[in-house]
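Undergrad: structure_18.txt (compact mmCIF, C-alpha atoms) pasted underneath:
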# COMPACT_ATOMS: atom_id res chain seq x y z
CA MET X 1 14.95 -21.56 -7.45
CA GLU X 2 14.02 -23.47 -4.34
CA TYR X 3 13.32 -21.41 -1.29
CA ARG X 4 15.88 -22.38 1.33
CA GLY X 5 14.82 -20.21 4.22
CA ASP X 6 12.95 -22.99 6.03
CA GLU X 7 14.76 -22.10 9.23
CA MET X 8 12.85 -18.80 9.07
CA ASP X 9 9.46 -20.56 9.16
CA LYS X 10 9.49 -20.86 12.94
CA TYR X 11 9.78 -17.09 13.13
CA TYR X 12 6.99 -16.60 10.59
CA GLU X 13 4.74 -18.85 12.68
CA ASN X 14 5.45 -17.01 15.93
CA LYS X 15 2.34 -14.85 15.95
CA LYS X 16 3.25 -12.56 18.83
CA LEU X 17 6.68 -11.87 17.42
CA GLN X 18 5.18 -11.10 14.02
CA LEU X 19 2.72 -8.61 15.52
CA ILE X 20 5.60 -6.76 17.15
CA ILE X 21 7.62 -6.82 13.92
CA GLY X 22 4.59 -5.55 11.99
CA LEU X 23 4.20 -2.67 14.42
CA PHE X 24 7.92 -1.86 14.23
CA ILE X 25 7.96 -1.90 10.43
CA GLY X 26 4.85 0.28 10.40
CA ILE X 27 6.42 2.83 12.73
CA VAL X 28 9.50 3.12 10.52
CA PHE X 29 7.34 3.22 7.38
CA GLY X 30 5.15 5.99 8.83
CA PHE X 31 8.21 7.92 9.97
CA LEU X 32 9.68 7.74 6.46
CA LEU X 33 6.40 8.64 4.73
CA GLN X 34 6.10 11.71 6.93
CA LYS X 35 9.73 12.76 6.36
CA GLY X 36 9.16 12.30 2.64
CA GLY X 37 6.16 14.65 2.76
CA VAL X 38 3.72 12.11 1.31
CA THR X 39 1.44 12.24 4.34
CA LYS X 40 0.31 15.59 2.87
CA TYR X 41 -2.61 16.05 0.50
CA ASP X 42 -0.83 18.95 -1.21
CA VAL X 43 2.20 16.78 -2.09
CA ILE X 44 0.14 13.82 -3.36
CA VAL X 45 -2.31 15.90 -5.38
CA GLY X 46 0.63 18.04 -6.55
CA GLN X 47 1.99 14.83 -8.08
CA LEU X 48 -1.34 14.04 -9.76
CA ARG X 49 -1.48 17.61 -11.12
CA LEU X 50 2.09 17.08 -12.34
CA THR X 51 3.44 20.06 -10.41
CA ASP X 52 5.32 18.22 -7.62
CA PHE X 53 7.22 15.01 -8.38
CA THR X 54 8.00 13.93 -4.81
CA VAL X 55 5.71 10.88 -4.93
CA ILE X 56 7.27 9.46 -8.08
CA LYS X 57 10.80 10.08 -6.80
CA ILE X 58 10.00 8.12 -3.62
CA ILE X 59 8.17 5.30 -5.39
CA PHE X 60 10.85 4.76 -8.02
CA SER X 61 13.70 4.88 -5.50
CA ALA X 62 11.80 2.33 -3.40
CA ILE X 63 11.07 0.11 -6.41
CA ILE X 64 14.69 0.13 -7.63
CA THR X 65 16.04 -0.61 -4.14
CA THR X 66 13.57 -3.43 -3.53
CA MET X 67 14.12 -4.87 -6.99
CA LEU X 68 17.91 -4.97 -6.60
CA GLY X 69 17.49 -6.45 -3.13
CA ILE X 70 15.11 -9.14 -4.35
CA GLY X 71 17.59 -9.99 -7.11
CA LEU X 72 20.33 -10.53 -4.54
CA LEU X 73 18.27 -12.25 -1.84
CA TYR X 74 16.14 -14.41 -4.12
CA LYS X 75 19.19 -15.86 -5.78
CA ARG X 76 20.43 -16.91 -2.33
CA GLY X 77 17.03 -18.39 -1.46
CA LEU X 78 16.54 -15.96 1.42
CA ILE X 79 13.13 -14.69 0.38
CA LYS X 80 10.02 -15.94 -1.33
CA VAL X 81 8.61 -14.01 -4.24
CA GLU X 82 4.86 -14.47 -4.10
CA THR X 83 2.99 -12.39 -6.59
CA LYS X 84 -0.57 -11.17 -6.35
CA SER X 85 -3.34 -13.00 -8.13
CA GLY X 86 -5.86 -11.35 -10.43
CA SER X 87 -6.13 -10.39 -14.05
CA VAL X 88 -5.04 -7.58 -16.34
CA LYS X 89 -8.69 -6.57 -16.82
CA ASN X 90 -9.37 -6.28 -13.09
CA SER X 91 -6.07 -4.51 -12.46
CA ILE X 92 -7.25 -1.88 -14.94
CA ILE X 93 -10.86 -1.61 -13.64
CA GLY X 94 -9.82 -1.64 -9.99
CA GLY X 95 -6.84 0.57 -10.71
CA LEU X 96 -8.95 3.25 -12.39
CA LEU X 97 -11.55 3.20 -9.59
CA PHE X 98 -8.69 3.49 -7.13
CA GLY X 99 -7.30 6.39 -9.19
CA ILE X 100 -10.59 8.31 -8.96
CA GLY X 101 -10.50 7.90 -5.19
CA PHE X 102 -6.79 8.76 -5.10
CA GLY X 103 -7.46 12.07 -6.90
CA LEU X 104 -10.51 12.96 -4.83
CA LEU X 105 -9.26 11.92 -1.41
CA GLY X 106 -5.62 12.85 -1.99
CA TYR X 107 -4.33 9.99 0.15
CA CYS X 108 -3.94 6.26 -0.43
CA PRO X 109 -4.44 3.49 2.16
CA GLY X 110 -0.85 3.67 3.47
CA THR X 111 -0.40 7.44 3.37
CA ILE X 112 -3.79 8.13 4.97
CA ALA X 113 -2.56 6.36 8.09
CA GLY X 114 0.43 8.70 7.95
CA ALA X 115 -1.86 11.69 7.41
CA ILE X 116 -3.82 10.70 10.53
CA GLY X 117 -0.56 10.63 12.51
CA ASN X 118 0.33 14.01 11.05
CA GLY X 119 -2.90 15.45 12.50
CA TYR X 120 -4.93 15.90 9.32
CA VAL X 121 -8.59 15.98 10.28
CA ASP X 122 -10.01 15.21 6.81
CA ALA X 123 -7.96 11.98 6.83
CA MET X 124 -9.06 10.99 10.37
CA THR X 125 -12.73 11.52 9.62
CA GLY X 126 -14.10 11.37 6.06
CA GLY X 127 -11.15 9.63 4.43
CA PHE X 128 -10.87 6.89 7.03
CA ILE X 129 -14.63 6.26 7.08
CA GLY X 130 -14.72 6.25 3.28
CA ILE X 131 -11.96 3.67 2.84
CA LEU X 132 -13.52 1.36 5.44
CA ALA X 133 -16.89 1.73 3.71
CA GLY X 134 -15.34 1.12 0.28
CA THR X 135 -13.60 -2.10 1.31
CA ALA X 136 -16.82 -3.31 2.98
CA ILE X 137 -18.88 -2.48 -0.13
CA TYR X 138 -16.40 -4.49 -2.19
CA ALA X 139 -16.63 -7.45 0.20
CA PHE X 140 -20.39 -7.59 -0.35
CA MET X 141 -20.01 -7.05 -4.13
CA HIS X 142 -17.48 -9.87 -4.37
CA PRO X 143 -19.88 -12.87 -4.48
CA THR X 144 -21.84 -11.27 -7.35
CA LEU X 145 -18.70 -10.28 -9.24
CA ARG X 146 -17.40 -13.84 -8.91
CA ILE X 147 -20.65 -15.54 -9.93
CA LYS X 148 -20.96 -13.29 -12.98
CA GLY X 149 -17.43 -14.28 -13.95
CA ILE X 150 -16.07 -10.74 -13.72
CA ILE X 151 -13.48 -11.58 -11.09
CA LYS X 152 -11.50 -14.34 -12.72
CA ASP X 153 -7.75 -14.87 -12.71
CA ASP X 154 -6.07 -14.78 -16.09
CA LYS X 155 -2.72 -16.18 -17.20
CA TYR X 156 -0.87 -13.25 -15.62
CA SER X 157 -2.24 -14.11 -12.17
CA GLU X 158 0.69 -14.65 -9.79
CA TYR X 159 2.96 -14.11 -12.76
CA ASN X 160 6.24 -12.36 -12.23
CA ILE X 161 9.44 -12.29 -14.16
CA PHE X 162 11.57 -13.38 -11.20
CA ASN X 163 9.86 -16.75 -10.91
CA ASN X 164 8.39 -17.44 -14.29
CA TYR X 165 10.78 -16.31 -16.93
CA LYS X 166 12.96 -19.27 -17.82
CA GLY X 167 15.91 -17.31 -19.12
CA ASN X 168 15.98 -15.13 -16.02
CA ILE X 169 19.55 -14.08 -15.26
CA PHE X 170 18.96 -14.74 -11.58
CA THR X 171 17.83 -18.34 -12.00
CA THR X 172 20.47 -19.06 -14.61
CA HIS X 173 23.15 -17.73 -12.33
CA CYS X 174 21.72 -19.81 -9.52
CA LYS X 175 21.76 -23.06 -11.44
CA MET X 176 25.33 -22.49 -12.47
CA LYS X 177 26.25 -22.02 -8.85
CA LEU X 178 24.45 -25.18 -7.73
CA ASN X 179 26.04 -27.28 -10.44
CA MET K 180 20.73 12.95 15.63
CA ASP K 181 19.69 16.34 14.25
CA PHE K 182 18.36 14.75 11.08
CA LEU K 183 15.46 13.22 13.05
CA TYR K 184 14.21 16.74 13.75
CA GLU K 185 14.30 17.92 10.16
CA ILE K 186 10.93 18.62 8.51
CA SER K 187 11.72 16.70 5.36
CA TRP K 188 14.32 14.37 3.90
CA SER K 189 15.38 13.87 0.31
CA PRO K 190 12.69 11.88 -1.51
CA TYR K 191 15.39 9.64 -3.01
CA LEU K 192 16.76 8.82 0.45
CA VAL K 193 13.23 8.17 1.75
CA GLY K 194 12.53 5.88 -1.22
CA ILE K 195 15.74 3.91 -0.73
CA LEU K 196 15.02 3.48 2.99
CA ILE K 197 11.44 2.34 2.24
CA GLY K 198 12.90 -0.17 -0.22
CA LEU K 199 15.29 -1.50 2.45
CA LEU K 200 12.42 -1.67 4.95
CA ASN K 201 10.37 -3.60 2.40
CA LEU K 202 13.22 -6.11 2.00
CA LEU K 203 13.54 -6.43 5.79
CA GLY K 204 9.82 -7.24 6.01
CA MET K 205 10.18 -9.87 3.31
CA ILE K 206 13.09 -11.52 5.16
CA VAL K 207 11.85 -11.43 8.75
CA SER K 208 8.09 -11.76 8.14
CA ASP K 209 7.70 -13.05 4.58
CA LYS K 210 5.47 -10.00 4.08
CA PRO K 211 5.97 -7.25 1.54
CA LEU K 212 4.51 -3.83 2.41
CA GLY K 213 0.79 -3.42 1.73
CA ALA K 214 -1.98 -1.53 3.47
CA SER K 215 -5.41 -1.96 1.88
CA THR K 216 -6.20 -5.49 3.18
CA SER K 217 -5.95 -4.15 6.72
CA PHE K 218 -8.73 -1.65 6.03
CA LEU K 219 -10.86 -4.51 4.70
CA LYS K 220 -10.23 -6.56 7.85
CA LEU K 221 -10.98 -3.60 10.09
CA SER K 222 -14.25 -2.94 8.23
CA GLY K 223 -15.17 -6.61 8.78
CA ALA K 224 -14.37 -6.32 12.49
CA ILE K 225 -16.54 -3.21 12.82
CA ILE K 226 -19.50 -4.66 10.90
CA GLY K 227 -19.07 -7.84 12.95
CA ILE K 228 -19.79 -5.89 16.14
CA PHE K 229 -23.29 -5.12 14.83
CA ASN K 230 -24.00 -8.18 12.74
CA LYS K 231 -21.69 -11.14 13.24
CA GLY K 232 -23.51 -13.42 10.82
CA LYS K 233 -23.26 -11.00 7.93
CA VAL K 234 -19.47 -11.04 8.10
CA ALA K 235 -19.15 -14.74 8.91
CA SER K 236 -21.27 -15.69 5.88
CA ASN K 237 -19.44 -13.42 3.43
CA GLU K 238 -16.96 -15.33 1.27
CA TYR K 239 -14.58 -12.37 0.92
CA TYR K 240 -14.36 -11.87 4.69
CA GLN K 241 -13.91 -15.63 5.04
CA LYS K 242 -10.81 -15.34 2.83
CA ASN K 243 -9.63 -12.22 4.68
CA LYS K 244 -10.51 -12.98 8.29
CA PRO K 245 -11.00 -9.84 10.40
CA SER K 246 -8.35 -10.49 13.03
CA LEU K 247 -5.45 -8.54 14.44
CA ASP K 248 -2.48 -9.45 12.26
CA TRP K 249 0.86 -8.24 10.92
CA GLY K 250 -0.72 -5.89 8.37
CA MET K 251 -3.08 -4.24 10.85
CA MET K 252 -0.22 -3.70 13.28
CA MET K 253 1.77 -2.21 10.42
CA VAL K 254 -0.98 0.29 9.55
CA PHE K 255 -1.30 1.19 13.22
CA GLY K 256 2.47 1.64 13.30
CA ILE K 257 2.32 4.04 10.34
CA ILE K 258 0.07 6.34 12.39
CA ILE K 259 2.52 6.25 15.30
CA GLY K 260 5.58 6.70 13.07
CA ALA K 261 4.10 9.71 11.26
CA PHE K 262 3.09 11.18 14.61
CA ILE K 263 6.62 10.78 15.99
CA SER K 264 8.21 12.23 12.87
CA SER K 265 5.87 15.23 12.66
CA SER K 266 6.10 15.92 16.39
CA LEU K 267 9.91 15.87 16.36
CA SER K 268 10.04 18.39 13.52
CA GLY K 269 7.15 20.54 14.71
CA ASP K 270 5.26 19.65 11.53
CA PHE K 271 2.33 18.11 13.45
CA GLU K 272 -0.77 20.21 12.90
CA LEU K 273 -4.50 19.57 13.41
CA LEU K 274 -5.40 20.78 9.94
CA ARG K 275 -9.05 20.46 8.94
CA ILE K 276 -8.79 21.15 5.23
CA PRO K 277 -5.65 20.73 3.09
CA ASN K 278 -4.20 24.10 1.99
CA MET K 279 -4.56 23.37 -1.71
CA TRP K 280 -8.22 22.41 -1.33
CA SER K 281 -9.12 25.40 0.86
CA SER K 282 -7.36 27.94 -1.36
CA GLU K 283 -8.56 26.60 -4.71
CA ILE K 284 -11.87 24.84 -4.05
CA SER K 285 -13.68 25.76 -0.90
CA SER K 286 -13.08 26.53 2.75
CA SER K 287 -16.13 24.50 3.79
CA PHE K 288 -15.19 21.51 5.93
CA THR K 289 -18.46 19.78 5.02
CA LEU K 290 -17.56 19.80 1.34
CA ARG K 291 -14.05 18.47 2.07
CA PHE K 292 -15.56 15.82 4.34
CA ILE K 293 -17.95 14.64 1.62
CA GLY K 294 -15.14 14.66 -0.96
CA ALA K 295 -12.98 12.58 1.38
CA VAL K 296 -15.76 10.05 2.07
CA VAL K 297 -16.60 9.61 -1.62
CA GLY K 298 -12.92 9.48 -2.54
CA GLY K 299 -12.31 6.92 0.21
CA ILE K 300 -15.15 4.72 -1.04
CA PHE K 301 -13.71 4.67 -4.58
CA LEU K 302 -10.27 4.02 -3.14
CA GLY K 303 -11.49 1.13 -0.99
CA ILE K 304 -13.48 -0.54 -3.76
CA GLY K 305 -10.70 -0.02 -6.30
CA ALA K 306 -7.94 -1.29 -4.03
CA ARG K 307 -9.76 -4.56 -3.35
CA TRP K 308 -10.92 -4.92 -6.96
CA ALA K 309 -7.33 -4.55 -8.18
CA ASN K 310 -6.11 -6.67 -5.22
CA GLY K 311 -3.68 -4.04 -3.96
CA CYS K 312 -2.90 -0.38 -3.43
CA THR K 313 -0.04 2.07 -3.88
CA SER K 314 2.15 0.10 -1.49
CA GLY K 315 1.07 -3.48 -2.30
CA HIS K 316 1.06 -3.07 -6.08
CA GLY K 317 2.87 0.24 -6.50
CA ILE K 318 6.00 -0.63 -4.53
CA SER K 319 5.99 -4.32 -3.57
CA GLY K 320 4.40 -5.86 -6.67
CA THR K 321 6.23 -3.70 -9.19
CA SER K 322 9.58 -4.55 -7.64
CA GLN K 323 8.75 -8.27 -7.89
CA LEU K 324 8.32 -7.57 -11.62
CA SER K 325 4.68 -8.56 -11.47
CA ILE K 326 2.84 -7.75 -14.68
CA LEU K 327 -0.47 -7.16 -12.85
CA SER K 328 1.18 -4.75 -10.42
CA TRP K 329 2.69 -2.64 -13.19
CA VAL K 330 -0.69 -2.50 -14.94
CA ALA K 331 -2.50 -1.60 -11.70
CA ALA K 332 0.08 1.04 -10.71
CA GLY K 333 -0.28 2.62 -14.15
CA ALA K 334 -4.07 2.66 -13.78
CA PHE K 335 -3.79 4.26 -10.29
CA PHE K 336 -1.92 7.20 -11.77
CA VAL K 337 -3.96 7.47 -14.98
CA GLY K 338 -7.17 7.61 -12.92
CA GLY K 339 -5.62 9.87 -10.30
CA ILE K 340 -4.15 12.36 -12.77
CA ALA K 341 -7.43 12.52 -14.76
CA THR K 342 -9.44 13.12 -11.56
CA ALA K 343 -7.04 15.77 -10.25
CA PHE K 344 -7.24 17.65 -13.56
CA LEU K 345 -11.05 17.37 -13.55
CA ILE K 346 -11.18 18.82 -10.05
CA TYR K 347 -8.57 21.54 -10.41
CA GLY K 348 -8.61 22.23 -14.15
CA ILE K 349 -5.63 22.03 -16.46
Translate the structure described by the file into structure tokens.

TA:
Amino acid sequence: MEYRGDEMDKYYENKKLQLIIGLFIGIVFGFLLQKGGVTKYDVIVGQLRLTDFTVIKIIFSAIITTMLGIGLLYKRGLIKVETKSGSVKNSIIGGLLFGIGFGLLGYCPGTIAGAIGNGYVDAMTGGFIGILAGTAIYAFMHPTLRIKGIIKDDKYSEYNIFNNYKGNIFTTHCKMKLN
Amino acid sequence: MDFLYEISWSPYLVGILIGLLNLLGMIVSDKPLGASTSFLKLSGAIIGIFNKGKVASNEYYQKNKPSLDWGMMMVFGIIIGAFISSSLSGDFELLRIPNMWSSEISSSFTLRFIGAVVGGIFLGIGARWANGCTSGHGISGTSQLSILSWVAAGAFFVGGIATAFLIYGI
């Protein structure tokens, strides 16, 4: 499916406008995270201890809504679907490292910002410093990981079923419409 | 407008609204939700204050230039949004140690601080290694039906559940 939203490009390239939109979307996102309770350590770790299922309820409702929306908008060419690069191996290694941090810190990069807004001192201090340090450590590990061939995209890099699966109901439907 | 003052909303409603917000971001900015890259860029900006060359010569910072962009503004917005929400409902609280940690592990702030730093380091390395976090992979990537995002999101929770059980016991 060809992306037909070229008229949107001038908005995407307007840097000032995009900064304001980013701030606006963040404010709404933070508001929702806080109302959902996921700015709280107890709620997030409660999920990981399988005693409180708030996190999963929010994530799955968000996934289903976004997925249905992408199905509708993609078919009309209103959005691009650009999928992350990487490999299954590195999704697992990185994912497990992330998981260790997730369990120990009790916040993730998005919710820690919410926890800071909620007034949580452990998030403002140790957690924030730790995440910044972690991303910096990775930046300086990256050249070595690349040279040693550990960070290498595999065939699933940028692979998603919306774009790549030929028999996709969305693309089929689209072609029928165009013809 | 009483609902704005409520302490919490239904998690299903919150999830649906986050999904709609995600779609809005994709339409108006061509950007799905994601937070971890902004921490990387901020770390680059901070290191750059002390040693500009070190950041400028690093290939990963070259790919992810430390500049004020959509994602950084979004993360900054999250702080403001959570502050507004918690202030409206009276849920804002300068809490040093989470209740669960202080009642089941220790009431020492130093220990919680160290735990948070170490946890944050793992989180930061892992997020960049996997090329995304709970929002970028867990919500945006999974809903684009990305194979890598589903694998990463699974690993986030496997690692997280195992660590939480190690810390708190079964």

Undergrad: Which one of X:Ala115, X:Val38, X:Ile100, X:Leu105 sits closest to K:Gly294 if you count all atoms listed in the file?

TA: X:Leu105

Undergrad: Of the residues X:Gly101, X:Leu96, X:Tyr107, X:Ile25, which is the one nearest to X:Val43, using all atoms listed in the file?

TA: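 Of all the options, X:Tyr107 lies closest to X:Val43.
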
Undergrad: Write out as a PDB file with C-alpha atoms, in the frame of the given file each polymer residue whose atoms come within 10 Å of X:Thr54, counting only C-alpha atoms; drop sequence neighbours fewer than 3 positions from it.

TA:
ATOM      1  CA  GLY X  36       9.160  12.300   2.640  1.00  0.00           C
ATOM      2  CA  GLY X  37       6.160  14.650   2.760  1.00  0.00           C
ATOM      3  CA  VAL X  38       3.720  12.110   1.310  1.00  0.00           C
ATOM      4  CA  VAL X  43       2.200  16.780  -2.090  1.00  0.00           C
ATOM      5  CA  ILE X  44       0.140  13.820  -3.360  1.00  0.00           C
ATOM      6  CA  GLY X  46       0.630  18.040  -6.550  1.00  0.00           C
ATOM      7  CA  GLN X  47       1.990  14.830  -8.080  1.00  0.00           C
ATOM      8  CA  THR X  51       3.440  20.060 -10.410  1.00  0.00           C
ATOM      9  CA  LYS X  57      10.800  10.080  -6.800  1.00  0.00           C
ATOM     10  CA  ILE X  58      10.000   8.120  -3.620  1.00  0.00           C
ATOM     11  CA  ILE X  59       8.170   5.300  -5.390  1.00  0.00           C
TER      12      ILE X  59
ATOM     13  CA  SER K 189      15.380  13.870   0.310  1.00  0.00           C
ATOM     14  CA  PRO K 190      12.690  11.880  -1.510  1.00  0.00           C
ATOM     15  CA  TYR K 191      15.390   9.640  -3.010  1.00  0.00           C
ATOM     16  CA  GLY K 194      12.530   5.880  -1.220  1.00  0.00           C
TER      17      GLY K 194
END

Undergrad: Which residue, X:Glu13, X:Asp52, X:Glu7, X:Asp122, has the smallest gap to chain K when you use all atoms listed in the file?

TA: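 The answer is X:Asp122, which sits nearest to chain K.
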
Undergrad: Please provide as a count of residues only all residues within 7 Å of stretch 63-70 of chain X, with the sequence filter that same-chain residues fewer than 6 positions apart are discarded (counting only C-alpha atoms).

TA: 9

Undergrad: My list of candidates is X:Thr111, X:Asp154, X:Gly95, X:Ile147. Which is closest to chain K when distances are computed with all atoms listed in the file?

TA: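 Between X:Thr111, X:Asp154, X:Gly95, X:Ile147, the residue approaching chain K most closely is X:Gly95.
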
Undergrad: For a quick check of understanding, using all atoms listed in the file, which of K:Thr216, K:Asn278, K:Ser286, K:Asn310 has the smallest distance to K:Lys244?

TA: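 Using all atoms listed in the file, the shortest distance to K:Lys244 belongs to K:Thr216.
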
Undergrad: Closest to chain X among K:Gly315, K:Phe229, K:Ser282, K:Ile197, using all atoms listed in the file?

TA: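 Once distances to chain X are computed over all atoms listed in the file, the minimum belongs to K:Ile197.
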
Undergrad: Measure the distance from atom CA of K:Val234 to atom CA of X:Ala139 in Å and round it to one decimal.

TA: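 For atom CA of K:Val234 relative to atom CA of X:Ala139, the distance reads 9.1 Å.
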
Undergrad: Just to confirm, what's the straight-line distance from atom CA of X:Leu104 to atom CA of K:Ile300 in Å (one decimal)?

TA: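 So the answer is 10.2 Å.
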
Undergrad: When you draw a straight line from atom CA of X:Gln34 to atom CA of K:Met251, how long is it in Å?

TA: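 Pair atom CA of X:Gln34 / atom CA of K:Met251 returns 18.8 Å.
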
Undergrad: Please write out, as JSON, where the centre of an axis-aligned box around all listed atoms of stretch 47-57 of chain X lies and how long its edges are, in Å to one decimal, after adding 4 Å on each side.

TA:
{"center_x": 4.7, "center_y": 14.8, "center_z": -8.6, "size_x": 20.3, "size_y": 18.6, "size_z": 15.5}

Undergrad: Show me the residues close to (-14.6, 10.3, 2.6) - anything with an atom within 9 Å, counting only C-alpha atoms - and format the list as a list in words.

TA: Leu104, Leu105, Asp122, Ala123, Thr125, Gly126, Gly127, Phe128, Ile129, Gly130, Ile131 and Ala133 of chain X; Arg291, Phe292, Ile293, Gly294, Ala295, Val296, Val297, Gly298, Gly299 and Ile300 of chain K

Undergrad: Taking C-alpha atoms for each residue, export the selection above as a PDB file, in the coordinates of the input.

TA:
ATOM      1  CA  LEU X 104     -10.510  12.960  -4.830  1.00  0.00           C
ATOM      2  CA  LEU X 105      -9.260  11.920  -1.410  1.00  0.00           C
ATOM      3  CA  ASP X 122     -10.010  15.210   6.810  1.00  0.00           C
ATOM      4  CA  ALA X 123      -7.960  11.980   6.830  1.00  0.00           C
ATOM      5  CA  THR X 125     -12.730  11.520   9.620  1.00  0.00           C
ATOM      6  CA  GLY X 126     -14.100  11.370   6.060  1.00  0.00           C
ATOM      7  CA  GLY X 127     -11.150   9.630   4.430  1.00  0.00           C
ATOM      8  CA  PHE X 128     -10.870   6.890   7.030  1.00  0.00           C
ATOM      9  CA  ILE X 129     -14.630   6.260   7.080  1.00  0.00           C
ATOM     10  CA  GLY X 130     -14.720   6.250   3.280  1.00  0.00           C
ATOM     11  CA  ILE X 131     -11.960   3.670   2.840  1.00  0.00           C
ATOM     12  CA  ALA X 133     -16.890   1.730   3.710  1.00  0.00           C
TER      13      ALA X 133
ATOM     14  CA  ARG K 291     -14.050  18.470   2.070  1.00  0.00           C
ATOM     15  CA  PHE K 292     -15.560  15.820   4.340  1.00  0.00           C
ATOM     16  CA  ILE K 293     -17.950  14.640   1.620  1.00  0.00           C
ATOM     17  CA  GLY K 294     -15.140  14.660  -0.960  1.00  0.00           C
ATOM     18  CA  ALA K 295     -12.980  12.580   1.380  1.00  0.00           C
ATOM     19  CA  VAL K 296     -15.760  10.050   2.070  1.00  0.00           C
ATOM     20  CA  VAL K 297     -16.600   9.610  -1.620  1.00  0.00           C
ATOM     21  CA  GLY K 298     -12.920   9.480  -2.540  1.00  0.00           C
ATOM     22  CA  GLY K 299     -12.310   6.920   0.210  1.00  0.00           C
ATOM     23  CA  ILE K 300     -15.150   4.720  -1.040  1.00  0.00           C
TER      24      ILE K 300
END
